[in-house]
>>> print(open('model-v5.pdb').read())   # PDB, C-alpha atoms
MODEL        1
ATOM      1  CA  MET A   1       0.000   0.000   0.000
ATOM      2  CA  ASN A   2       1.109   3.563  -0.700
ATOM      3  CA  ARG A   3       2.886   4.943   2.387
ATOM      4  CA  ALA A   4       0.816   8.134   2.421
ATOM      5  CA  ILE A   5      -2.465   6.214   2.270
ATOM      6  CA  SER A   6      -1.305   3.755   4.931
ATOM      7  CA  LEU A   7      -0.341   6.543   7.329
ATOM      8  CA  ARG A   8      -3.582   8.420   6.610
ATOM      9  CA  ARG A   9      -5.623   5.357   7.546
ATOM     10  CA  ASP A  10      -3.588   4.766  10.688
ATOM     11  CA  LEU A  11      -4.028   8.380  11.796
ATOM     12  CA  ALA A  12      -7.786   8.217  11.135
ATOM     13  CA  GLU A  13      -8.123   5.094  13.291
ATOM     14  CA  ARG A  14      -6.093   6.660  16.097
ATOM     15  CA  ALA A  15      -8.037   9.919  15.896
ATOM     16  CA  GLN A  16     -11.366   8.111  16.123
ATOM     17  CA  LYS A  17     -10.252   6.162  19.188
ATOM     18  CA  TYR A  18      -8.852   9.339  20.742
ATOM     19  CA  ALA A  19     -12.089  11.259  20.083
ATOM     20  CA  GLN A  20     -14.229   8.500  21.572
ATOM     21  CA  ALA A  21     -12.006   8.112  24.639
ATOM     22  CA  GLU A  22     -12.009  11.886  25.288
ATOM     23  CA  GLY A  23     -15.671  12.423  24.340
ATOM     24  CA  LEU A  24     -14.737  14.986  21.680
ATOM     25  CA  PRO A  25     -17.181  16.257  19.027
ATOM     26  CA  HIS A  26     -16.092  14.905  15.661
ATOM     27  CA  CYS A  27     -17.340  13.336  12.453
ATOM     28  CA  LEU A  28     -16.084  11.153   9.632
ATOM     29  CA  SER A  29     -15.654  12.292   6.056
ATOM     30  CA  TYR A  30     -17.433  10.461   3.253
ATOM     31  CA  GLY A  31     -15.633   7.828   1.226
ATOM     32  CA  GLU A  32     -14.014   4.434   1.440
ATOM     33  CA  ALA A  33     -11.207   5.606   3.747
ATOM     34  CA  PRO A  34     -12.872   8.238   5.963
ATOM     35  CA  ASN A  35     -10.876  10.911   7.746
ATOM     36  CA  VAL A  36     -11.735  12.276  11.188
ATOM     37  CA  CYS A  37     -12.517  15.960  11.565
ATOM     38  CA  PHE A  38     -12.981  17.643  14.928
ATOM     39  CA  LEU A  39     -15.317  20.436  15.975
ATOM     40  CA  PRO A  40     -14.629  22.972  18.717
ATOM     41  CA  TYR A  41     -16.837  22.890  21.793
ATOM     42  CA  ALA A  42     -19.911  25.116  21.618
ATOM     43  CA  ASP A  43     -18.327  27.519  24.119
ATOM     44  CA  ASP A  44     -14.973  27.318  22.282
ATOM     45  CA  SER A  45     -13.255  26.136  25.447
ATOM     46  CA  ARG A  46     -11.663  23.211  23.615
ATOM     47  CA  HIS A  47     -10.982  21.887  20.128
ATOM     48  CA  GLY A  48     -10.475  18.161  19.750
ATOM     49  CA  ASN A  49      -7.707  18.494  17.172
ATOM     50  CA  PHE A  50      -5.525  20.439  19.608
ATOM     51  CA  LEU A  51      -3.897  19.847  22.948
ATOM     52  CA  GLN A  52      -5.591  22.150  25.452
ATOM     53  CA  GLY A  53      -2.478  24.161  26.332
ATOM     54  CA  SER A  54      -1.722  24.766  22.661
ATOM     55  CA  TYR A  55      -5.321  25.712  21.869
ATOM     56  CA  GLN A  56      -5.490  28.290  24.652
ATOM     57  CA  ALA A  57      -2.218  29.814  23.439
ATOM     58  CA  ILE A  58      -3.573  29.962  19.872
ATOM     59  CA  LYS A  59      -6.732  31.735  21.026
ATOM     60  CA  ALA A  60      -4.618  34.328  22.852
ATOM     61  CA  ASP A  61      -2.591  35.207  19.736
ATOM     62  CA  PRO A  62      -4.547  36.943  16.915
ATOM     63  CA  GLU A  63      -2.092  35.831  14.199
ATOM     64  CA  TRP A  64      -2.175  32.213  15.307
ATOM     65  CA  LEU A  65      -5.964  32.278  15.664
ATOM     66  CA  ARG A  66      -6.294  33.612  12.116
ATOM     67  CA  ARG A  67      -4.525  30.486  10.884
ATOM     68  CA  LEU A  68      -7.392  28.376  12.214
ATOM     69  CA  ALA A  69      -9.817  30.208   9.912
ATOM     70  CA  LYS A  70      -8.540  28.537   6.713
ATOM     71  CA  VAL A  71     -11.691  27.112   5.120
ATOM     72  CA  HIS A  72     -11.592  23.404   4.238
ATOM     73  CA  THR A  73     -11.509  23.397   0.436
ATOM     74  CA  ARG A  74     -13.488  20.146   0.176
ATOM     75  CA  GLY A  75     -15.524  20.483   3.362
ATOM     76  CA  ARG A  76     -18.901  20.859   1.641
ATOM     77  CA  GLN A  77     -18.300  17.866  -0.629
ATOM     78  CA  SER A  78     -16.676  15.454   1.804
ATOM     79  CA  LEU A  79     -18.113  16.318   5.238
ATOM     80  CA  PRO A  80     -21.613  16.523   6.769
ATOM     81  CA  ASN A  81     -23.349  19.910   6.814
ATOM     82  CA  THR A  82     -22.994  21.834  10.079
ATOM     83  CA  GLU A  83     -23.846  25.365  11.192
ATOM     84  CA  ARG A  84     -20.131  26.115  11.348
ATOM     85  CA  ARG A  85     -18.025  25.794   8.185
ATOM     86  CA  TRP A  86     -15.353  23.116   8.227
ATOM     87  CA  MET A  87     -11.783  24.395   8.472
ATOM     88  CA  GLU A  88      -8.554  22.863   7.136
ATOM     89  CA  LEU A  89      -7.095  22.525  10.634
ATOM     90  CA  ASP A  90     -10.122  20.563  11.867
ATOM     91  CA  SER A  91      -8.695  17.552  10.025
ATOM     92  CA  SER A  92      -6.863  14.899  12.035
ATOM     93  CA  THR A  93      -4.341  14.549   9.172
ATOM     94  CA  SER A  94      -3.530  18.271   8.934
ATOM     95  CA  SER A  95       0.224  18.835   9.108
ATOM     96  CA  ASP A  96      -0.469  22.503   9.932
ATOM     97  CA  ALA A  97      -2.537  21.484  12.969
ATOM     98  CA  LEU A  98       0.228  19.147  14.119
ATOM     99  CA  LEU A  99       2.794  21.905  13.671
ATOM    100  CA  MET A 100       0.704  24.345  15.735
ATOM    101  CA  ASN A 101       0.017  21.766  18.427
ATOM    102  CA  ILE A 102       3.751  21.587  18.971
ATOM    103  CA  PHE A 103       5.091  25.084  18.426
ATOM    104  CA  CYS A 104       2.191  26.940  20.068
ATOM    105  CA  HIS A 105       2.587  24.943  23.268
ATOM    106  CA  PRO A 106       3.726  27.419  25.980
ATOM    107  CA  THR A 107       6.416  25.145  27.379
ATOM    108  CA  VAL A 108       8.075  24.639  23.999
ATOM    109  CA  LYS A 109       9.151  28.259  23.679
ATOM    110  CA  ARG A 110      10.195  28.533  27.332
ATOM    111  CA  ASP A 111      12.468  25.501  27.560
ATOM    112  CA  GLY A 112      14.106  25.965  24.134
ATOM    113  CA  ARG A 113      14.796  22.277  23.521
ATOM    114  CA  LEU A 114      12.989  22.105  20.195
ATOM    115  CA  ALA A 115      14.621  25.293  18.969
ATOM    116  CA  ALA A 116      18.022  23.808  19.798
ATOM    117  CA  LEU A 117      17.121  20.553  18.022
ATOM    118  CA  LEU A 118      16.218  22.419  14.832
ATOM    119  CA  GLY A 119      19.034  24.955  15.044
ATOM    120  CA  ALA A 120      16.667  27.901  15.602
ATOM    121  CA  GLU A 121      17.233  30.937  17.785
ATOM    122  CA  PRO A 122      16.235  30.370  21.436
ATOM    123  CA  GLY A 123      12.985  32.110  22.336
ATOM    124  CA  ALA A 124      12.095  32.885  18.709
ATOM    125  CA  SER A 125       8.380  33.448  18.110
ATOM    126  CA  ALA A 126       6.599  31.104  15.705
ATOM    127  CA  CYS A 127       5.078  32.610  12.545
ATOM    128  CA  PHE A 128       2.799  30.195  10.687
ATOM    129  CA  GLY A 129       2.074  30.590   6.993
ATOM    130  CA  TYR A 130       4.927  33.053   6.608
ATOM    131  CA  LYS A 131       4.830  34.900   3.273
ATOM    132  CA  ALA A 132       8.395  34.870   1.948
ATOM    133  CA  ARG A 133       9.357  37.282  -0.833
ATOM    134  CA  VAL A 134      11.288  35.143  -3.296
ATOM    135  CA  PRO A 135      12.787  37.275  -6.106
ATOM    136  CA  LEU A 136      11.882  36.541  -9.720
ATOM    137  CA  ALA A 137      14.085  37.264 -12.723
ATOM    138  CA  ASN A 138      11.709  40.005 -13.889
ATOM    139  CA  GLY A 139      12.249  42.032 -10.713
ATOM    140  CA  ARG A 140       9.026  40.983  -9.057
ATOM    141  CA  PHE A 141       8.537  38.621  -6.100
ATOM    142  CA  ASP A 142       6.741  35.364  -5.478
ATOM    143  CA  ARG A 143       4.955  35.414  -2.119
ATOM    144  CA  THR A 144       5.833  31.823  -1.291
ATOM    145  CA  GLU A 145       4.022  30.558   1.805
ATOM    146  CA  VAL A 146       6.319  28.803   4.281
ATOM    147  CA  ASP A 147       4.631  26.589   6.882
ATOM    148  CA  LEU A 148       6.645  28.010   9.788
ATOM    149  CA  ARG A 149       9.255  30.682  10.364
ATOM    150  CA  LEU A 150      11.081  30.390  13.666
ATOM    151  CA  GLY A 151      13.561  33.239  13.849
ATOM    152  CA  ASP A 152      16.000  32.621  10.992
ATOM    153  CA  LEU A 153      14.694  29.111  10.357
ATOM    154  CA  LEU A 154      12.108  28.227   7.692
ATOM    155  CA  VAL A 155      10.218  24.940   8.073
ATOM    156  CA  GLU A 156       8.252  22.871   5.561
ATOM    157  CA  ALA A 157       6.080  20.341   7.418
ATOM    158  CA  LYS A 158       4.533  17.215   5.923
ATOM    159  CA  LEU A 159       2.454  14.371   7.317
ATOM    160  CA  THR A 160       0.194  12.431   4.922
ATOM    161  CA  GLU A 161       0.714  14.547   1.793
ATOM    162  CA  SER A 162       1.654  12.332  -1.140
ATOM    163  CA  ASP A 163       4.676  14.386  -2.270
ATOM    164  CA  PHE A 164       6.152  17.891  -2.560
ATOM    165  CA  GLN A 165       4.275  18.624  -5.807
ATOM    166  CA  SER A 166       5.769  19.357  -9.218
ATOM    167  CA  ALA A 167       5.838  22.323 -11.592
ATOM    168  CA  GLU A 168       6.731  23.075 -15.182
ATOM    169  CA  LYS A 169      10.413  23.874 -15.573
ATOM    170  CA  LYS A 170       9.647  27.332 -16.925
ATOM    171  CA  VAL A 171       7.984  28.195 -13.591
ATOM    172  CA  LEU A 172      11.168  27.493 -11.620
ATOM    173  CA  LEU A 173      13.472  28.972 -14.239
ATOM    174  CA  ALA A 174      11.616  32.255 -13.704
ATOM    175  CA  TYR A 175      13.171  32.599 -10.224
ATOM    176  CA  ARG A 176      16.134  34.971 -10.184
ATOM    177  CA  ASP A 177      18.461  32.702  -8.206
ATOM    178  CA  PHE A 178      17.478  29.313  -9.615
ATOM    179  CA  SER A 179      20.602  28.722 -11.714
ATOM    180  CA  GLU A 180      22.863  30.078  -8.995
ATOM    181  CA  VAL A 181      21.400  27.808  -6.337
ATOM    182  CA  PHE A 182      20.604  24.576  -8.199
ATOM    183  CA  ASP A 183      22.168  22.212 -10.683
ATOM    184  CA  GLY A 184      19.092  22.093 -12.915
ATOM    185  CA  GLN A 185      20.301  19.051 -14.835
ATOM    186  CA  GLN A 186      20.552  16.965 -11.668
ATOM    187  CA  LEU A 187      17.304  18.058 -10.028
ATOM    188  CA  PRO A 188      14.615  15.328 -10.019
ATOM    189  CA  GLN A 189      12.496  15.837 -13.130
ATOM    190  CA  ILE A 190      10.125  14.194 -15.575
ATOM    191  CA  ASP A 191       9.884  15.562 -19.116
ATOM    192  CA  ASP A 192       9.179  19.297 -18.815
ATOM    193  CA  ARG A 193       8.494  19.278 -15.067
ATOM    194  CA  TYR A 194      10.688  19.513 -11.982
ATOM    195  CA  LEU A 195       9.641  17.347  -9.034
ATOM    196  CA  SER A 196       9.533  18.518  -5.391
ATOM    197  CA  TYR A 197       8.568  22.024  -6.438
ATOM    198  CA  GLN A 198       7.748  23.099  -2.856
ATOM    199  CA  LEU A 199      11.214  22.148  -1.649
ATOM    200  CA  VAL A 200      12.984  23.951  -4.484
ATOM    201  CA  ARG A 201      10.927  27.077  -3.888
ATOM    202  CA  ASN A 202      11.569  27.029  -0.129
ATOM    203  CA  VAL A 203      15.317  26.589  -0.614
ATOM    204  CA  LEU A 204      15.223  29.642  -2.872
ATOM    205  CA  ALA A 205      13.354  31.499  -0.114
ATOM    206  CA  ALA A 206      15.998  30.499   2.439
ATOM    207  CA  TYR A 207      18.745  31.674   0.080
ATOM    208  CA  ALA A 208      17.093  35.052  -0.531
ATOM    209  CA  LEU A 209      16.380  35.612   3.173
ATOM    210  CA  GLN A 210      19.738  34.199   4.352
ATOM    211  CA  CYS A 211      17.846  31.718   6.523
ATOM    212  CA  SER A 212      18.229  28.043   7.368
ATOM    213  CA  PHE A 213      15.667  25.576   6.072
ATOM    214  CA  CYS A 214      14.359  22.360   7.636
ATOM    215  CA  VAL A 215      12.005  19.737   6.246
ATOM    216  CA  LEU A 216       9.893  18.113   8.946
ATOM    217  CA  VAL A 217       8.447  14.690   8.081
ATOM    218  CA  ASP A 218       7.181  11.556   9.772
ATOM    219  CA  ALA A 219       9.668   8.722  10.230
ATOM    220  CA  ARG A 220       7.003   6.466   8.720
ATOM    221  CA  ARG A 221       7.412   8.389   5.436
ATOM    222  CA  PRO A 222      10.965   7.617   4.242
ATOM    223  CA  ASP A 223       9.791   8.443   0.702
ATOM    224  CA  LEU A 224       9.510  12.125   1.649
ATOM    225  CA  ALA A 225      12.959  12.066   3.239
ATOM    226  CA  HIS A 226      14.444  10.542   0.076
ATOM    227  CA  ALA A 227      12.781  13.235  -2.039
ATOM    228  CA  TRP A 228      14.412  15.906   0.123
ATOM    229  CA  TYR A 229      17.862  14.327  -0.105
ATOM    230  CA  ALA A 230      17.500  14.209  -3.902
ATOM    231  CA  VAL A 231      16.927  17.976  -3.939
ATOM    232  CA  MET A 232      19.516  18.806  -1.290
ATOM    233  CA  LYS A 233      22.380  17.192  -3.197
ATOM    234  CA  CYS A 234      21.663  19.524  -6.151
ATOM    235  CA  VAL A 235      22.244  22.707  -4.132
ATOM    236  CA  LYS A 236      25.446  24.350  -5.372
ATOM    237  CA  PRO A 237      26.421  26.974  -2.733
ATOM    238  CA  VAL A 238      28.273  25.161   0.054
ATOM    239  CA  VAL A 239      27.262  27.691   2.709
ATOM    240  CA  LEU A 240      23.597  27.248   1.843
ATOM    241  CA  ARG A 241      23.908  23.475   1.866
ATOM    242  CA  THR A 242      25.183  23.597   5.454
ATOM    243  CA  LYS A 243      21.971  25.424   6.413
ATOM    244  CA  LEU A 244      19.691  22.680   5.088
ATOM    245  CA  ARG A 245      18.459  19.939   7.381
ATOM    246  CA  ILE A 246      15.752  17.385   8.008
ATOM    247  CA  SER A 247      14.034  16.270  11.184
ATOM    248  CA  THR A 248      11.143  13.957  12.061
ATOM    249  CA  TRP A 249       8.076  14.353  14.224
ATOM    250  CA  GLN A 250       9.469  11.477  16.271
ATOM    251  CA  GLU A 251      12.647  13.454  17.049
ATOM    252  CA  ILE A 252      10.461  16.437  17.923
ATOM    253  CA  ALA A 253       8.442  14.257  20.321
ATOM    254  CA  GLN A 254      11.620  13.164  22.078
ATOM    255  CA  ALA A 255      12.429  16.800  22.923
ATOM    256  CA  ALA A 256       8.813  17.794  23.699
ATOM    257  CA  PRO A 257       7.443  18.445  27.204
ATOM    258  CA  PRO A 258       5.739  15.408  28.840
ATOM    259  CA  LYS A 259       2.059  16.364  28.249
ATOM    260  CA  LEU A 260       2.727  17.140  24.601
ATOM    261  CA  ARG A 261       4.665  13.895  24.206
ATOM    262  CA  VAL A 262       1.736  11.855  25.584
ATOM    263  CA  PHE A 263      -0.683  13.677  23.258
ATOM    264  CA  LEU A 264       1.478  13.038  20.187
ATOM    265  CA  ALA A 265       1.721   9.338  21.009
ATOM    266  CA  ALA A 266      -2.013   8.891  21.670
ATOM    267  CA  LYS A 267      -3.438  10.928  18.790
ATOM    268  CA  TYR A 268      -0.777  10.568  16.092
ATOM    269  CA  GLY A 269       1.156   7.454  17.032
ATOM    270  CA  ILE A 270       4.273   9.605  17.169
ATOM    271  CA  ALA A 271       6.348   7.833  19.773
ATOM    272  CA  LEU A 272      10.040   7.675  20.647
TER     273      LEU A 272
ENDMDL
END
>>> encode(input="model-v5.pdb", output="structure tokens")
Amino acid sequence: MNRAISLRRDLAERAQKYAQAEGLPHCLSYGEAPNVCFLPYADDSRHGNFLQGSYQAIKADPEWLRRLAKVHTRGRQSLPNTERRWMELDSSTSSDALLMNIFCHPTVKRDGRLAALLGAEPGASACFGYKARVPLANGRFDRTEVDLRLGDLLVEAKLTESDFQSAEKKVLLAYRDFSEVFDGQQLPQIDDRYLSYQLVRNVLAAYALQCSFCVLVDARRPDLAHAWYAVMKCVKPVVLRTKLRISTWQEIAQAAPPKLRVFLAAKYGIAL
């Protein structure tokens, strides 16, 4: 079975058991392999897709709270009708929700262990959905969205996504620094398309911003790790290459505070 599909099914089963054990409002999407989506409590005191400490911190930060308002693009087609619209981060397989569960947790910023693990500045504030200005050859900019900016570290987070997408070569060749940063002949490609488009674009963002860049994946998805290594080896500037890294949710869990670690194991199967 495809690794992405296998992990998606495992997460759905875990989420359903977690929701039933905790008595959390939730529903299943339509289809042969249903996903679990959570609803917030009527008084908004809790949201089943988030650890309570993280959710309270999100509610207290207007920028973080705005991230929760991303409308689920297929909510009306794949989920039951409710008075409240379904949001992307309601989904148990949302990598953004997992990212916020971890980096919005109050203890994470205070103790600094995760920042040290990823090579980020201690005490740096988390910015989700950061709009990076990546220069194009025509003098304009591409407002590339980066999942997380933590000080001078950019993070691309994946969970059950099938891959890092692809794009026509002419799209990537339009970036000002593409030829300076990448060996275009060696980059993974099929016909007139480059593979792992999101990774290439984020490396270009890191180069333009003089930041580090980390790909965060699940250890159960070695295919995503291999895709990243295939891109990383094509980066030409040595200094930039030393700023590129990869980490797993499992390594994150090892450095997480105890309550967060228990939550990650129970809901996501992310254990040491």
>>> closest_residue(input="model-v5.pdb", among="A:Ser91, A:Thr73, A:Ser196, A:Thr107", to="Ser162 in chain A", atoms="all atoms listed in the file")
A:Ser196
>>> atom_distance(input="model-v5.pdb", atom1="CA of Lys169 in chain A", atom2="CA of Asp218 in chain A")
28.4 Å
>>> resolve_selection(input="model-v5.pdb", expression="the PyMOL selection byres ((chain A and resi 52) around 12)", output="list in words")
Pro40, Tyr41, Asp44, Ser45, Arg46, His47, Gly48, Asn49, Phe50, Leu51, Gly53, Ser54, Tyr55, Gln56, Ala57, Ile58, Lys59, Met100, Asn101, Ile102, Cys104, His105, Pro106, Lys259, Leu260 and Phe263 of chain A
>>> closest_atom_pairs(input="model-v5.pdb", of="range 84-189 of chain A", to="range 12-34 of chain A", cutoff="12 Å", atoms="only C-alpha atoms", output="Markdown table")
| residue | atom | partner | partner_atom | distance |
| --- | --- | --- | --- | --- |
| A:Trp86 | CA | A:Cys27 | CA | 10.8 |
| A:Asp90 | CA | A:His26 | CA | 9.1 |
| A:Ser91 | CA | A:Ala12 | CA | 9.4 |
| A:Ser92 | CA | A:Ala15 | CA | 6.4 |
| A:Thr93 | CA | A:Ala12 | CA | 7.5 |
| A:Ser94 | CA | A:Ala12 | CA | 11.1 |
| A:Thr160 | CA | A:Ala12 | CA | 11.0 |
>>> resolve_selection(input="model-v5.pdb", expression="the PyMOL selection byres ((chain A and resi 202) around 8)", output="list in words")
Thr144, Val146, Leu154, Glu156, Gln198, Leu199, Val200, Arg201, Val203, Leu204, Ala205, Ala206 and Phe213 of chain A
>>> resolve_selection(input="model-v5.pdb", expression="the PyMOL selection byres ((chain A and resi 133-142) around 6)", output="ChimeraX atom specification")
/A:132,143-144,174-176,205
>>> closest_residue(input="model-v5.pdb", among="A:Ser125, A:Gln189, A:Asn2, A:Gln250", to="Ser166 in chain A", atoms="only C-alpha atoms")
A:Gln189
>>> residues_around(input="model-v5.pdb", residues="Arg149 in chain A", least_positions_apart="3", cutoff="9 Å", atoms="all atoms listed in the file", output="PyMOL selection string")
chain A and resi 125-130+146+152-155
>>> write_last_selection(input="model-v5.pdb", atoms="C-alpha atoms", output="short mmCIF file (atom, residue, chain, number, x, y, z; two decimals), in the coordinates of the input")
data_model
loop_
_atom_site.label_atom_id
_atom_site.label_comp_id
_atom_site.auth_asym_id
_atom_site.auth_seq_id
_atom_site.Cartn_x
_atom_site.Cartn_y
_atom_site.Cartn_z
CA SER A 125 8.38 33.45 18.11
CA ALA A 126 6.60 31.10 15.70
CA CYS A 127 5.08 32.61 12.54
CA PHE A 128 2.80 30.20 10.69
CA GLY A 129 2.07 30.59 6.99
CA TYR A 130 4.93 33.05 6.61
CA VAL A 146 6.32 28.80 4.28
CA ASP A 152 16.00 32.62 10.99
CA LEU A 153 14.69 29.11 10.36
CA LEU A 154 12.11 28.23 7.69
CA VAL A 155 10.22 24.94 8.07
#
>>> residues_around(input="model-v5.pdb", residues="Leu244 in chain A", least_positions_apart="4", cutoff="8 Å", atoms="all atoms listed in the file", output="number ranges by chain")
A: 212-214, 232, 240
>>> closest_residue(input="model-v5.pdb", among="A:Leu224, A:Cys211, A:Leu98, A:Val108", to="Trp249 in chain A", atoms="all atoms listed in the file")
A:Leu98
>>> axis_aligned_box(input="model-v5.pdb", around="range 193-202 of chain A", padding_each_side="5 Å", output="JSON")
{"center_x": 10.4, "center_y": 22.2, "center_z": -7.6, "size_x": 15.2, "size_y": 19.7, "size_z": 24.9}
>>> atom_distance(input="model-v5.pdb", atom1="CA of Ala60 in chain A", atom2="CA of Gln254 in chain A")
26.7 Å
>>> closest_residue(input="model-v5.pdb", among="A:Arg9, A:Arg113, A:Arg85, A:Lys131", to="Glu251 in chain A", atoms="only C-alpha atoms")
A:Arg113
>>> atom_distance(input="model-v5.pdb", atom1="CA of Ala253 in chain A", atom2="CA of Gly151 in chain A")
20.7 Å
>>> residues_around(input="model-v5.pdb", residues="Leu89 in chain A", least_positions_apart="5", cutoff="9 Å", atoms="only C-alpha atoms", output="list in words")
Cys37, Phe38, Asn49, Arg67, Leu68, Ala69, Lys70, Val71, His72, Ser94, Ser95, Asp96, Ala97 and Leu98 of chain A
>>> closest_residue(input="model-v5.pdb", among="A:Leu39, A:Ala124, A:Lys109, A:Gly119", to="Met87 in chain A", atoms="only C-alpha atoms")
A:Leu39
>>> closest_residue(input="model-v5.pdb", among="A:Phe164, A:Trp64, A:Tyr197, A:Phe103", to="Leu150 in chain A", atoms="all atoms listed in the file")
A:Phe103
>>> decode(input="model-v5.pdb", residues="range 62-101 of chain A", atoms="C-alpha atoms", output="PDB file, in the first residue's frame")
ATOM      1  CA  PRO A  62      -4.547  36.943  16.915  1.00  0.00           C
ATOM      2  CA  GLU A  63      -2.092  35.831  14.199  1.00  0.00           C
ATOM      3  CA  TRP A  64      -2.175  32.213  15.307  1.00  0.00           C
ATOM      4  CA  LEU A  65      -5.964  32.278  15.664  1.00  0.00           C
ATOM      5  CA  ARG A  66      -6.294  33.612  12.116  1.00  0.00           C
ATOM      6  CA  ARG A  67      -4.525  30.486  10.884  1.00  0.00           C
ATOM      7  CA  LEU A  68      -7.392  28.376  12.214  1.00  0.00           C
ATOM      8  CA  ALA A  69      -9.817  30.208   9.912  1.00  0.00           C
ATOM      9  CA  LYS A  70      -8.540  28.537   6.713  1.00  0.00           C
ATOM     10  CA  VAL A  71     -11.691  27.112   5.120  1.00  0.00           C
ATOM     11  CA  HIS A  72     -11.592  23.404   4.238  1.00  0.00           C
ATOM     12  CA  THR A  73     -11.509  23.397   0.436  1.00  0.00           C
ATOM     13  CA  ARG A  74     -13.488  20.146   0.176  1.00  0.00           C
ATOM     14  CA  GLY A  75     -15.524  20.483   3.362  1.00  0.00           C
ATOM     15  CA  ARG A  76     -18.901  20.859   1.641  1.00  0.00           C
ATOM     16  CA  GLN A  77     -18.300  17.866  -0.629  1.00  0.00           C
ATOM     17  CA  SER A  78     -16.676  15.454   1.804  1.00  0.00           C
ATOM     18  CA  LEU A  79     -18.113  16.318   5.238  1.00  0.00           C
ATOM     19  CA  PRO A  80     -21.613  16.523   6.769  1.00  0.00           C
ATOM     20  CA  ASN A  81     -23.349  19.910   6.814  1.00  0.00           C
ATOM     21  CA  THR A  82     -22.994  21.834  10.079  1.00  0.00           C
ATOM     22  CA  GLU A  83     -23.846  25.365  11.192  1.00  0.00           C
ATOM     23  CA  ARG A  84     -20.131  26.115  11.348  1.00  0.00           C
ATOM     24  CA  ARG A  85     -18.025  25.794   8.185  1.00  0.00           C
ATOM     25  CA  TRP A  86     -15.353  23.116   8.227  1.00  0.00           C
ATOM     26  CA  MET A  87     -11.783  24.395   8.472  1.00  0.00           C
ATOM     27  CA  GLU A  88      -8.554  22.863   7.136  1.00  0.00           C
ATOM     28  CA  LEU A  89      -7.095  22.525  10.634  1.00  0.00           C
ATOM     29  CA  ASP A  90     -10.122  20.563  11.867  1.00  0.00           C
ATOM     30  CA  SER A  91      -8.695  17.552  10.025  1.00  0.00           C
ATOM     31  CA  SER A  92      -6.863  14.899  12.035  1.00  0.00           C
ATOM     32  CA  THR A  93      -4.341  14.549   9.172  1.00  0.00           C
ATOM     33  CA  SER A  94      -3.530  18.271   8.934  1.00  0.00           C
ATOM     34  CA  SER A  95       0.224  18.835   9.108  1.00  0.00           C
ATOM     35  CA  ASP A  96      -0.469  22.503   9.932  1.00  0.00           C
ATOM     36  CA  ALA A  97      -2.537  21.484  12.969  1.00  0.00           C
ATOM     37  CA  LEU A  98       0.228  19.147  14.119  1.00  0.00           C
ATOM     38  CA  LEU A  99       2.794  21.905  13.671  1.00  0.00           C
ATOM     39  CA  MET A 100       0.704  24.345  15.735  1.00  0.00           C
ATOM     40  CA  ASN A 101       0.017  21.766  18.427  1.00  0.00           C
TER      41      ASN A 101
END
